[in-house]
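Remarks on the structure that follows.
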Amino acid sequence: ARVDRSSMASVLTELANTTRPAGSESDIFIPYGWSFPERPDEWPSPVGLATGIFAVVVGQVIVIAYHWLHLRSQSRVIQETATDVPFNIQNFWRDAMGHIMQLEGFVLLGGYLCGTWMFRLMPSSYYSWEGGVNLFHLAAQLILNDFLQTTMHLAEHKISGWFYRHSHKPHHRFLSPKMFDAFNGSVSDTVCMILLPLFITAQTIHCNVWSYMAFGTIFSSWLTLIHSEMEHPWDPLFEKVGFGTAADHHVHHKCFIYNFGHLFMWWDMLYGTYRRPRDVASLNKPKKSS
């Protein structure tokens with residue numbers, strides 16, 4: 001095929017004359033002007049989408065590696081039944097793969113991320129690489145999303161017995177959850193309690209792609225960690241400031257009527273549904289892992 005040299009020269013000249021905004025923190029990663037098509041009816045670049053999914057995957061790899069070490073430590077278990085089955089490396093990796101491949105979890109979530117990104121359902125700011133992680137936007141996303149998720153969680157329990165049985169109840173078969181049970185539930189539960197809050201949060205908090213990636217990585221990792229069968233080293237600090245702990249979430253799985261929050265217990269305190277783990281006699285606090 002013959003190359004049109006004049007057209008190629010024009011393209012190269014335009015790229016050479018493209019200037020990056022002063023102070024851009026992403027120059028070494030994404031050349032300025034490459035993340036957007038020139039016409040709004042074109043497909044957006046998948047670079048931001050792929051980078052975001054990669055960040056979530058890296059976060060989950062770190063969480064799984066931490067959990068492997070944690071299970072072999074002398075940390076306290078939250079419920080006695082959580083250690084009925086001794087640690088087995090083959091079972092661990094089988095459960096880890098099941099966690100990653102859950103239809104109700106990362107498969108459905110990945111479809112949501114791809115669809116909302118490629119069909120331009122996100123606010124325009126999400127496609128921007130300008131600046132780095134905005135801590136205000138990051139905190140706002142975590143807080144608003146958890147408020148919405150807590151409210152949806154409470155609604156699933158309270159509004160309709162029929163809907164509860166067909167949406168959230170499958171997740172409640174885990175009376176003493178383990179970390180890899182985090183996304184094991186139902187499709188309708190994931191849509192109502194994860195995807196809908198995520199979409200509303202995105203339409204409300206207009207941030208850039210860096211803040212969105214940071215939020216997605218922290219949210220998915222934290223949601224996984226609160227299902228751990230063992231206490232985490234940071235739990236005493238989290239309890240003091242009202243952040244959600246694994247023991248807080250075990251209270252919900254054990255009692256059903258308390259602790260509907262995930263990342264923060266503030267909403268349960270507001271709704272009058274918070275119960276401290278130490279006040280639930282059926283939780284086995286002192287037992288140590290083997």
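The chains in the structure tokens are called A, B, ... from first to last as shown; in each chain the residues are counted from 1, and the ligands are counted from 1 in the order shown.
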Identify, on the basis of only C-alpha atoms, every residue whose closest approach to A:Ala214 does not exceed 9 Å; exclude the query and any residue fewer than 6 positions from it along the same chain; express the result as a PDB file with N, CA and C atoms, in the first residue's frame.
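Result saved to around_32.pdb:
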ATOM      1  N   GLY A  52      -7.241   0.788  35.104  1.00  0.00           N
ATOM      2  CA  GLY A  52      -8.050   0.678  36.305  1.00  0.00           C
ATOM      3  C   GLY A  52      -8.285  -0.767  36.715  1.00  0.00           C
ATOM      4  N   ALA A  55      -5.187  -2.143  38.176  1.00  0.00           N
ATOM      5  CA  ALA A  55      -4.965  -1.674  39.550  1.00  0.00           C
ATOM      6  C   ALA A  55      -5.779  -2.501  40.542  1.00  0.00           C
ATOM      7  N   VAL A  56      -7.029  -2.825  40.195  1.00  0.00           N
ATOM      8  CA  VAL A  56      -7.870  -3.642  41.070  1.00  0.00           C
ATOM      9  C   VAL A  56      -7.287  -5.045  41.210  1.00  0.00           C
ATOM     10  N   VAL A 133      -3.951  11.620  42.096  1.00  0.00           N
ATOM     11  CA  VAL A 133      -5.074  11.234  42.949  1.00  0.00           C
ATOM     12  C   VAL A 133      -5.477  12.424  43.817  1.00  0.00           C
ATOM     13  N   LEU A 138     -11.240  11.106  46.464  1.00  0.00           N
ATOM     14  CA  LEU A 138     -11.115   9.714  46.895  1.00  0.00           C
ATOM     15  C   LEU A 138     -11.956   9.468  48.146  1.00  0.00           C
TER      16      LEU A 138
END
Per residue of stretch 64-102 of chain A within 7 Å of stretch 222-232 of chain A, what are the shortest atom pair and its distance in Å to one decimal, counting only C-alpha atoms, with rows by chain and residue number, as CSV?
residue,atom,partner,partner_atom,distance
A:Ser75,CA,A:Glu231,CA,6.4
A:Arg76,CA,A:Met230,CA,5.8
A:Val77,CA,A:Met230,CA,4.2
A:Ile78,CA,A:Met230,CA,5.5
A:Ala82,CA,A:Glu229,CA,5.7
Kindly export the residues of the current selection with N, CA and C atoms, as a PDB file, in the first residue's frame.
ATOM      1  N   SER A  75      -2.697 -14.607  64.729  1.00  0.00           N
ATOM      2  CA  SER A  75      -3.793 -13.651  64.914  1.00  0.00           C
ATOM      3  C   SER A  75      -5.036 -14.361  65.424  1.00  0.00           C
ATOM      4  N   ARG A  76      -5.866 -13.604  66.145  1.00  0.00           N
ATOM      5  CA  ARG A  76      -7.049 -14.200  66.730  1.00  0.00           C
ATOM      6  C   ARG A  76      -8.153 -14.392  65.689  1.00  0.00           C
ATOM      7  N   VAL A  77      -8.818 -15.545  65.763  1.00  0.00           N
ATOM      8  CA  VAL A  77      -9.964 -15.783  64.894  1.00  0.00           C
ATOM      9  C   VAL A  77     -11.185 -15.130  65.524  1.00  0.00           C
ATOM     10  N   ILE A  78     -12.170 -14.847  64.692  1.00  0.00           N
ATOM     11  CA  ILE A  78     -13.342 -14.118  65.161  1.00  0.00           C
ATOM     12  C   ILE A  78     -14.436 -15.071  65.639  1.00  0.00           C
ATOM     13  N   ALA A  82     -14.647 -20.694  62.227  1.00  0.00           N
ATOM     14  CA  ALA A  82     -13.770 -20.237  61.148  1.00  0.00           C
ATOM     15  C   ALA A  82     -12.505 -21.067  61.045  1.00  0.00           C
TER      16      ALA A  82
END
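Proximity of A:Val107, A:Ala139, A:Met97, A:Ala50 to A:Cys207, computed with only C-alpha atoms, is greatest for A:Ala139.
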Item to check | Shell around A:His253 at 8 Å using only C-alpha atoms, local window under 4 positions removed, as a ChimeraX atom specification | outcome: /A:172,174-177,249
Item to check | Polymer residues at most 12 Å from A:Gly98, only C-alpha atoms, same-chain spacing of 5 or more positions, as a ChimeraX atom specification | outcome: /A:91-93,103-107,179-184
I need the chosen residues saved as an mmCIF file, in the first residue's frame, with C-alpha atoms.
data_model
loop_
_atom_site.group_PDB
_atom_site.id
_atom_site.type_symbol
_atom_site.label_atom_id
_atom_site.label_comp_id
_atom_site.auth_asym_id
_atom_site.auth_seq_id
_atom_site.Cartn_x
_atom_site.Cartn_y
_atom_site.Cartn_z
ATOM 1 C CA ASN A 91 -7.563 -25.552 49.522
ATOM 2 C CA PHE A 92 -6.273 -22.003 49.857
ATOM 3 C CA TRP A 93 -5.409 -21.603 46.171
ATOM 4 C CA LEU A 103 -19.729 -14.513 38.584
ATOM 5 C CA GLU A 104 -21.423 -12.377 41.244
ATOM 6 C CA GLY A 105 -18.186 -10.554 41.978
ATOM 7 C CA PHE A 106 -15.351 -9.637 39.673
ATOM 8 C CA VAL A 107 -16.897 -11.045 36.477
ATOM 9 C CA MET A 179 -12.360 -13.889 53.294
ATOM 10 C CA PHE A 180 -12.960 -15.641 49.998
ATOM 11 C CA ASP A 181 -16.734 -15.601 50.621
ATOM 12 C CA ALA A 182 -16.766 -11.835 50.060
ATOM 13 C CA PHE A 183 -18.404 -11.847 46.610
ATOM 14 C CA ASN A 184 -20.235 -15.162 46.866
#
Item to check | Contacts of A:Met269 at 10 Å (only C-alpha atoms; same-chain gap of 6+ positions) as a PyMOL selection string | outcome: chain A and resi 242+259+261+275
Checklist outcome for this item: Between atom CA of A:Gly131 and atom CA of A:Asn208 lies a distance of 7.9 Å
